[in-house]
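Below is entry-v5.txt, which holds compact mmCIF, C-alpha atoms and all ligand atoms.
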# COMPACT_ATOMS: atom_id res chain seq x y z
CA MET N 1 0.00 0.00 0.00
CA SER N 2 1.31 3.39 -0.89
CA TYR N 3 -0.19 5.37 1.95
CA ASN N 4 0.77 5.76 5.55
CA LEU N 5 -1.27 4.66 8.45
CA ILE N 6 -1.73 7.16 11.18
CA MET N 7 0.66 6.27 13.96
CA ASN N 8 -1.99 5.94 16.62
CA SER N 9 -4.39 3.79 14.58
CA PRO N 10 -6.20 1.38 16.91
CA PHE N 11 -5.85 -1.20 14.13
CA LEU N 12 -2.10 -1.50 14.51
CA LEU N 13 -1.43 -4.40 16.82
CA GLU N 14 1.27 -2.53 18.72
CA ASN N 15 -1.16 0.23 19.70
CA GLN N 16 -2.79 -1.51 22.60
CA THR N 17 -3.86 1.63 24.46
CA GLU N 18 -5.59 3.15 21.43
CA TYR N 19 -7.11 -0.19 20.59
CA LYS N 20 -8.52 -0.66 24.07
CA LYS N 21 -10.09 2.80 24.06
CA TRP N 22 -11.67 2.25 20.66
CA ARG N 23 -12.79 -1.28 21.56
CA ASP N 24 -14.43 -0.23 24.82
CA TYR N 25 -16.29 2.57 23.05
CA LYS N 26 -17.53 0.19 20.33
CA LEU N 27 -18.74 -2.49 22.71
CA ALA N 28 -20.43 0.04 25.00
CA GLN N 29 -22.86 0.88 22.16
CA TYR N 30 -24.53 -2.54 22.48
CA PRO N 31 -27.19 -3.79 22.59
CA ILE N 32 -28.49 -1.71 19.69
CA SER N 33 -31.66 0.17 20.40
CA ARG N 34 -34.02 -0.21 17.44
CA GLU N 35 -35.62 3.19 18.06
CA LYS N 36 -32.28 4.98 17.86
CA ILE N 37 -31.14 3.25 14.74
CA LEU N 38 -34.26 3.80 12.63
CA ILE N 39 -34.44 7.27 11.15
CA LYS N 40 -37.84 8.23 9.77
CA PHE N 41 -38.28 10.76 6.99
CA LYS N 42 -41.67 12.47 6.94
CA ASN N 43 -43.04 13.79 3.65
CA ASN N 44 -39.77 12.61 2.13
CA ASP N 45 -38.07 15.63 3.64
CA ILE N 46 -34.37 14.78 3.75
CA ASN N 47 -33.22 17.44 6.18
CA ASN N 48 -29.74 17.81 7.62
CA ASN N 49 -30.84 16.84 11.06
CA LYS N 50 -32.00 13.42 9.92
CA ILE N 51 -28.94 12.95 7.74
CA ASN N 52 -26.76 13.60 10.78
CA LEU N 53 -28.72 11.04 12.81
CA LEU N 54 -28.10 8.49 10.07
CA LYS N 55 -24.41 9.30 10.05
CA ASP N 56 -24.24 9.02 13.85
CA SER N 57 -25.66 5.54 13.65
CA VAL N 58 -23.20 4.56 10.93
CA THR N 59 -20.35 5.93 13.04
CA LYS N 60 -21.38 3.67 15.92
CA TYR N 61 -22.51 0.52 14.13
CA ASN N 62 -21.35 0.88 10.54
CA PHE N 63 -24.97 0.79 9.47
CA ALA N 64 -28.26 2.65 9.88
CA MET N 65 -31.88 2.02 9.03
CA TYR N 66 -34.25 4.48 7.46
CA GLU N 67 -37.88 4.74 6.53
CA PHE N 68 -39.72 6.96 4.09
CA ASP N 69 -43.44 7.53 4.19
CA ALA N 70 -43.85 7.28 0.44
CA LYS N 71 -42.36 5.43 -2.47
CA LEU N 72 -38.97 6.60 -3.77
CA THR N 73 -38.14 6.76 -7.44
CA ASN N 74 -34.69 5.66 -8.56
CA GLU N 75 -33.85 9.30 -8.96
CA SER N 76 -34.90 10.20 -5.42
CA LEU N 77 -33.04 7.19 -4.06
CA LYS N 78 -29.88 8.42 -5.74
CA LYS N 79 -30.52 11.92 -4.44
CA PHE N 80 -30.86 10.52 -0.93
CA CYS N 81 -27.49 8.77 -1.36
CA SER N 82 -25.91 11.99 -2.57
CA ARG N 83 -27.00 13.68 0.68
CA LEU N 84 -24.78 11.12 2.40
CA LYS N 85 -22.02 11.99 -0.08
CA LEU N 86 -22.48 8.63 -1.75
CA VAL N 87 -22.23 9.65 -5.35
CA ASN N 88 -19.73 7.41 -7.07
CA SER N 89 -21.95 4.34 -7.31
CA VAL N 90 -20.33 1.16 -8.54
CA SER N 91 -22.05 -0.66 -11.34
CA ASN N 92 -22.04 -4.34 -12.11
CA LEU N 93 -23.20 -6.43 -15.04
CA LEU N 94 -26.65 -6.83 -13.58
CA ALA N 95 -27.30 -3.26 -12.56
CA ASP N 96 -29.48 -0.93 -14.60
CA GLU N 97 -28.44 2.42 -16.07
CA ASP N 98 -28.73 4.09 -12.65
CA ASP N 99 -26.26 1.52 -11.18
CA ILE N 100 -29.20 0.18 -9.24
CA SER N 101 -29.52 -3.59 -8.94
CA ASN N 102 -33.04 -4.93 -8.60
CA ILE N 103 -32.69 -7.78 -6.13
CA THR N 104 -35.62 -10.07 -6.77
CA ASN N 105 -36.26 -13.73 -7.40
CA GLN N 106 -35.61 -14.29 -11.08
CA ASN N 107 -35.95 -18.06 -10.94
CA GLN N 108 -39.64 -17.79 -11.74
CA SER N 109 -39.19 -15.63 -14.83
CA LYS N 110 -40.46 -17.08 -18.06
CA GLU N 111 -37.45 -15.79 -19.93
CA LYS N 112 -34.24 -17.31 -18.69
CA SER N 113 -32.17 -14.61 -17.16
CA PRO N 114 -28.36 -14.72 -17.30
CA ASN N 115 -28.11 -14.00 -13.59
CA VAL N 116 -30.36 -16.84 -12.61
CA GLU N 117 -27.65 -18.86 -10.93
CA TYR N 118 -26.59 -16.04 -8.62
CA ILE N 119 -28.07 -16.65 -5.20
CA PRO N 120 -28.88 -12.95 -4.58
CA TYR N 121 -31.34 -13.15 -7.47
CA THR N 122 -33.22 -16.12 -6.03
CA ASN N 123 -35.36 -16.53 -2.92
CA LYS N 124 -32.75 -18.72 -1.23
CA GLN N 125 -30.77 -18.00 1.88
CA LEU N 126 -27.73 -15.89 1.22
CA ASN N 127 -25.02 -16.76 3.69
CA TRP N 128 -22.69 -14.38 5.54
CA HIS N 129 -20.59 -12.14 3.30
CA THR N 130 -19.47 -8.62 2.67
CA ASP N 131 -20.44 -7.16 -0.70
CA GLY N 132 -17.95 -7.44 -3.54
CA TYR N 133 -15.52 -9.71 -1.63
CA TYR N 134 -14.49 -10.97 -5.09
CA TYR N 135 -13.26 -7.54 -6.18
CA PRO N 136 -9.61 -6.49 -5.92
CA LEU N 137 -8.82 -3.88 -3.30
CA ASP N 138 -8.48 -1.06 -5.81
CA SER N 139 -12.13 -1.44 -6.73
CA ALA N 140 -13.42 -2.41 -3.30
CA ILE N 141 -17.02 -1.87 -2.28
CA LYS N 142 -16.93 0.29 0.84
CA SER N 143 -20.64 0.84 1.38
CA PHE N 144 -24.03 -0.18 0.08
CA LEU N 145 -27.68 0.69 0.42
CA LEU N 146 -30.56 -1.76 0.28
CA HIS N 147 -33.97 -0.25 -0.21
CA CYS N 148 -37.17 -2.24 0.06
CA GLU N 149 -39.75 -1.62 -2.61
CA HIS N 150 -41.83 -4.72 -1.76
CA PRO N 151 -41.19 -7.13 1.08
CA ALA N 152 -41.68 -10.87 0.67
CA GLN N 153 -44.87 -12.46 1.89
CA ARG N 154 -42.78 -14.40 4.37
CA GLY N 155 -39.09 -14.38 5.28
CA GLY N 156 -36.24 -12.47 3.67
CA GLU N 157 -34.92 -11.08 6.92
CA ASN N 158 -31.51 -9.43 6.77
CA ILE N 159 -29.05 -10.11 9.57
CA ILE N 160 -26.19 -7.73 10.13
CA LEU N 161 -22.97 -7.92 12.09
CA ASP N 162 -20.62 -4.95 12.21
CA HIS N 163 -17.29 -6.24 10.89
CA GLU N 164 -15.48 -4.20 13.55
CA ILE N 165 -17.09 -6.37 16.22
CA ILE N 166 -15.77 -9.57 14.72
CA TYR N 167 -12.37 -7.90 14.38
CA ILE N 168 -12.46 -7.17 18.14
CA TYR N 169 -13.38 -10.73 19.01
CA LEU N 170 -10.67 -12.18 16.82
CA ARG N 171 -8.04 -9.80 18.12
CA ASP N 172 -8.99 -10.36 21.76
CA HIS N 173 -8.91 -14.10 21.23
CA ASN N 174 -5.56 -14.11 19.45
CA PRO N 175 -3.89 -11.06 17.84
CA GLU N 176 -2.00 -13.38 15.51
CA PHE N 177 -5.36 -14.16 13.85
CA ILE N 178 -5.52 -10.52 12.76
CA ASN N 179 -1.98 -10.60 11.41
CA ILE N 180 -2.87 -13.58 9.28
CA LEU N 181 -6.18 -12.16 8.07
CA MET N 182 -4.42 -8.98 6.99
CA GLN N 183 -2.05 -10.81 4.67
CA ASN N 184 -2.63 -9.64 1.11
CA ASP N 185 -2.95 -13.15 -0.30
CA ILE N 186 -4.87 -14.92 2.45
CA MET N 187 -8.11 -15.32 0.48
CA GLU N 188 -8.25 -16.07 -3.22
CA ILE N 189 -11.27 -16.12 -5.48
CA PRO N 190 -10.39 -18.06 -8.63
CA GLY N 191 -11.32 -16.62 -12.02
CA ASN N 192 -14.65 -17.65 -13.54
CA LYS N 193 -14.04 -20.00 -16.47
CA ASN N 194 -17.31 -18.92 -18.06
CA ILE N 195 -16.34 -15.26 -18.20
CA VAL N 196 -13.79 -14.14 -20.76
CA GLY N 197 -10.98 -12.15 -19.18
CA SER N 198 -11.90 -13.21 -15.65
CA HIS N 199 -8.89 -13.85 -13.46
CA SER N 200 -8.31 -14.82 -9.86
CA VAL N 201 -8.35 -12.17 -7.16
CA LYS N 202 -6.25 -12.44 -4.02
CA GLY N 203 -6.64 -10.19 -1.06
CA PRO N 204 -6.79 -9.81 2.71
CA VAL N 205 -9.85 -10.39 4.88
CA PHE N 206 -9.19 -7.25 6.92
CA TYR N 207 -7.46 -4.20 5.56
CA ILE N 208 -7.02 -0.60 6.54
CA ASP N 209 -7.79 1.85 3.78
CA GLU N 210 -6.21 5.16 2.83
CA ARG N 211 -8.62 6.96 5.20
CA ASN N 212 -7.48 4.71 8.05
CA PHE N 213 -10.74 2.80 8.28
CA LEU N 214 -10.99 -0.93 8.80
CA ASN N 215 -12.71 -2.86 6.03
CA MET N 216 -13.48 -6.52 5.56
CA ARG N 217 -13.70 -8.91 2.63
CA PHE N 218 -15.36 -12.16 3.54
CA THR N 219 -17.61 -14.93 2.35
CA SER N 220 -18.71 -18.01 4.22
CA ARG N 221 -19.00 -19.78 0.88
CA GLN N 222 -16.95 -22.97 0.98
CA GLN N 223 -16.57 -23.62 -2.75
CA ASN N 224 -14.49 -21.53 -5.11
CA ILE N 225 -12.54 -19.92 -2.33
CA ILE N 226 -8.89 -20.73 -1.83
CA TRP N 227 -7.47 -19.93 1.58
CA LYS N 228 -3.72 -19.62 1.73
CA LYS N 229 -2.12 -22.62 3.37
CA ASN N 230 -1.37 -21.70 6.90
CA ASP N 231 -1.30 -23.79 10.10
CA THR N 232 -3.74 -21.46 11.81
CA ILE N 233 -6.23 -20.67 9.07
CA LYS N 234 -8.55 -23.54 9.92
CA LYS N 235 -8.70 -22.40 13.54
CA ILE N 236 -9.42 -18.85 12.43
CA LYS N 237 -12.17 -19.93 10.08
CA ASP N 238 -13.72 -22.11 12.77
CA PHE N 239 -13.59 -19.19 15.17
CA ILE N 240 -15.28 -16.86 12.67
CA PHE N 241 -17.94 -19.41 11.72
CA SER N 242 -18.79 -20.20 15.32
CA PHE N 243 -18.97 -16.49 16.17
CA ILE N 244 -21.32 -15.64 13.32
CA ALA N 245 -23.40 -18.80 13.70
CA GLU N 246 -24.29 -17.96 17.28
CA ASP N 247 -27.37 -15.92 17.87
CA ASN N 248 -25.21 -13.34 19.51
CA HIS N 249 -25.56 -10.07 21.31
CA TYR N 250 -24.10 -8.14 18.37
CA THR N 251 -26.13 -9.29 15.39
CA PHE N 252 -29.07 -7.18 14.31
CA ASN N 253 -32.08 -8.65 12.53
CA LEU N 254 -34.15 -6.51 10.28
CA LEU N 255 -37.09 -7.37 8.16
CA LEU N 256 -37.43 -4.44 5.81
CA LYS N 257 -40.91 -3.12 5.16
CA GLU N 258 -41.97 -1.17 2.11
CA ASN N 259 -40.04 2.12 1.83
CA GLN N 260 -37.55 1.08 4.49
CA GLY N 261 -33.92 0.35 3.87
CA TYR N 262 -30.52 0.25 5.40
CA LEU N 263 -27.16 1.59 4.47
CA ALA N 264 -23.92 0.14 5.66
CA ASN N 265 -20.19 0.49 5.49
CA ASN N 266 -20.08 -2.98 3.97
CA VAL N 267 -20.70 -4.88 7.18
CA LEU N 268 -21.05 -8.65 7.32
CA HIS N 269 -24.59 -9.63 6.45
CA LYS N 270 -26.81 -12.47 5.39
CA ARG N 271 -30.33 -12.91 4.09
CA GLU N 272 -32.84 -15.56 5.06
CA GLU N 273 -34.84 -17.41 2.42
CA TYR N 274 -38.25 -16.06 1.55
CA VAL N 275 -41.58 -16.79 -0.08
CA ASP N 276 -43.15 -14.29 -2.45
CA GLY N 277 -46.78 -13.26 -2.41
CA ASN N 278 -48.58 -11.64 -5.34
CA ASN N 279 -46.05 -8.83 -5.37
CA LYS N 280 -42.54 -10.19 -5.63
CA ARG N 281 -39.99 -9.11 -3.06
CA LEU N 282 -37.98 -6.31 -4.62
CA LEU N 283 -34.99 -4.65 -3.03
CA LYS N 284 -33.00 -1.98 -4.77
CA ARG N 285 -29.29 -2.00 -4.13
CA LEU N 286 -26.64 0.61 -4.71
CA ARG N 287 -22.96 0.08 -4.00
CA PHE N 288 -20.25 2.66 -3.50
CA SER N 289 -16.48 2.75 -3.44
CA LYS N 290 -16.62 5.21 -0.57
CA ARG N 291 -17.84 4.88 3.00
CA VAL N 292 -20.51 6.85 4.80
CA GLU N 293 -18.53 9.16 7.07
FE FE K 1 -24.79 -8.52 0.16

Do you think you could lay out the structure here as structure tokens?
Ligand SMILES: [Fe+2]
Amino acid sequence: MSYNLIMNSPFLLENQTEYKKWRDYKLAQYPISREKILIKFKNNDINNNKINLLKDSVTKYNFAMYEFDAKLTNESLKKFCSRLKLVNSVSNLLADEDDISNITNQNQSKEKSPNVEYIPYTNKQLNWHTDGYYYPLDSAIKSFLLHCEHPAQRGGENIILDHEIIYIYLRDHNPEFINILMQNDIMEIPGNKNIVGSHSVKGPVFYIDERNFLNMRFTSRQQNIIWKKNDTIKKIKDFIFSFIAEDNHYTFNLLLKENQGYLANNVLHKREEYVDGNNKRLLKRLRFSKRVE
């Protein structure tokens, strides 16, 4: 990396005092109070006060929930993001011209869709991951927004775990785990044989970016992931899996209703399976290469 970390970063293992201060502050914010984390916008008035409340929540938990009292167009959704200084949205093959991905179950479509095999575009459970873990660091996804246009008839709950919490638990358990997870070649996603020009991407699980924030790349997927051979990696993976599998004090469950959404600094998250009613579940997703700060 070509930038310098601030000397007193709590994420440097030698800075125990700074780490402890930061850690104690983080953990003191739990359990999360649902009332504090949900910011409601009346008459779709996006005023500074509410924007600051959203940012406060993201500062504490790396995510925040919001609710509008009317439907948002794609344009107003993008405008809302721009109020949070999220303007450089990241597109992908499946996004529309606004860089908005319509997350819905496409398995039922009459026309076969090319994205049909991607779990996000089905009604199946989507296991723990951070968004874009398969991207190289120079095009990392730092934040995303998920906006609910229609909920499912049943299921589809999102479960969130601030990646800084899992960092704390790993570091407290064994600081060497962090050293290993910060290696730049610890996790490799092989290239996709079906995509021309696709090549493998290696990267760390945890990394500190040029703004001195901690970010995470992770998937609990077991296939098509190559972990660097290391005596400890199995222990680390077991530790992570047991931490996220527990119904723990730090996870937050949210079942988004119509016109609700959440935005996150790419925290760990999963989605439960769901069943559609007459109106299919539809979530709109935007991704950004910049965090909410
Ligand atoms: Fe995701």

Give as a compact mmCIF listing (two decimals) with C-alpha atoms, in the frame of the given file every residue, naming chains and numbers as the document does, that has an atom within 6 Å of (-30.9, -12.1, -5.6), counting all atoms listed in the file.
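Output file part.txt follows:
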# COMPACT_ATOMS: atom_id res chain seq x y z
CA ILE N 103 -32.69 -7.78 -6.13
CA THR N 104 -35.62 -10.07 -6.77
CA ASN N 105 -36.26 -13.73 -7.40
CA ILE N 119 -28.07 -16.65 -5.20
CA PRO N 120 -28.88 -12.95 -4.58
CA TYR N 121 -31.34 -13.15 -7.47
CA THR N 122 -33.22 -16.12 -6.03

Show me, as an NGL selection string, the residues that have an atom within 12 Å of Asp231 in chain N when counting all atoms listed in the file, minus same-chain residues fewer than 6 positions from it. :N and (176-177 or 180 or 237)

Counting only C-alpha atoms, which residue out of N:Asn8, N:Asn158, N:Asn15, N:Asn127 sits closest to Lys257 in chain N?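 Once distances to Lys257 in chain N are computed over only C-alpha atoms, the minimum belongs to N:Asn158.
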
Check every protein, DNA and RNA residue against ligand FE 1 (chain K), keep those with an atom at most 10 Å away (counting all atoms listed in the file), and present them as a list in words.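 Counting only what the definition allows, namely all atoms listed in the file, the set is Pro120, Leu126, Asn127, Trp128, His129, Thr130, Asp131, Gly132, Tyr133, Phe144, Leu145, Leu146, Asn158, Thr219, Asn266, Val267, Leu268, His269, Lys270, Arg271, Arg285 and Arg287 of chain N.
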
Could you list, with a cut-off of 12 Å and counting all atoms listed in the file, the residues of range 187-260 of chain N near range 9-14 of chain N, each shown with its nearest atom pair and the distance in Å rounded to one decimal, rows sorted by chain and ascending number, as a tab-separated table?
residue	atom	partner	partner_atom	distance
N:Phe206	CA	N:Phe11	CA	10.0
N:Tyr207	CA	N:Phe11	CA	9.2
N:Ile208	CA	N:Phe11	CA	7.7
N:Asp209	CA	N:Phe11	CA	11.0
N:Glu210	CA	N:Ser9	CA	12.0
N:Arg211	CA	N:Ser9	CA	10.8
N:Asn212	CA	N:Ser9	CA	7.3
N:Phe213	CA	N:Phe11	CA	8.6
N:Leu214	CA	N:Phe11	CA	7.4
N:Asn215	CA	N:Phe11	CA	10.7

Can you work out which one of N:Tyr169, N:Tyr66, N:Phe241, N:Tyr118 has the shortest atom-to-atom distance to Arg23 in chain N, counting all atoms listed in the file?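 With all atoms listed in the file as the atom set, the closest residue is N:Tyr169.
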
Please list as a VMD selection string every residue within 12 Å of Asn253 in chain N, counting only C-alpha atoms and excluding residues in the same chain fewer than 3 positions away. chain N and resid 32 to 34 65 155 to 161 247 to 250 256 262 269 to 272

Nearest residue to Lys78 in chain N out of N:Asp138, N:Leu286, N:Lys50, N:Pro151, using all atoms listed in the file?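 Looking at the shortest contact to Lys78 in chain N, the residue is N:Leu286.
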
For Ile166 in chain N, which residue among N:Met216, N:Ile186, N:Val58, N:Ala64 is the nearest when counting only C-alpha atoms?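 When distances to Ile166 in chain N are compared using only C-alpha atoms, the smallest one comes from N:Met216.
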
Counting all atoms listed in the file, the residue of N:Asn224, N:Ser57, N:Asn278, N:Asn88 that sits nearest Ser200 in chain N: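 Between N:Asn224, N:Ser57, N:Asn278, N:Asn88, the residue approaching Ser200 in chain N most closely is N:Asn224.
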
Calculate how many Å separate CA of Leu72 in chain N from CA of Glu149 in chain N, rounding to one decimal.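 Taking CA of Leu72 in chain N and CA of Glu149 in chain N, their separation equals 8.3 Å.
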
Write out as a count of residues only which residues come within 10 Å of Gly191 in chain N when counting only C-alpha atoms, dropping same-chain ones fewer than 4 positions away. 9

Counting all atoms listed in the file, the option among N:Leu86, N:Leu255, N:Val205, N:Ile225 closest to Glu273 in chain N: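 Looking only at the distances to Glu273 in chain N, the closest residue turns out to be N:Leu255.
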
Between CA of Leu53 in chain N and CA of Leu263 in chain N, what is the spacing in Å?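 Taking CA of Leu263 in chain N and CA of Leu53 in chain N, their separation equals 12.7 Å.
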
One-decimal distance in Å that lies between CA of Gly203 in chain N and CA of Asn102 in chain N: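 We find that CA of Asn102 in chain N and CA of Gly203 in chain N lie 28.0 Å from each other.
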
Tyr25 in chain N environment, 12 Å, all atoms listed in the file, sequence neighbours closer than 4 positions dropped, as JSON, numbers by chain: {"N": [10, 18, 19, 20, 21, 29, 30, 59, 60, 61, 164, 165, 168]}

Could you give me, as a ChimeraX atom specification, the residues within 10 Å of Gly277 in chain N, counting all atoms listed in the file and dropping anything in the same chain fewer than 6 positions from it? /N:150-154
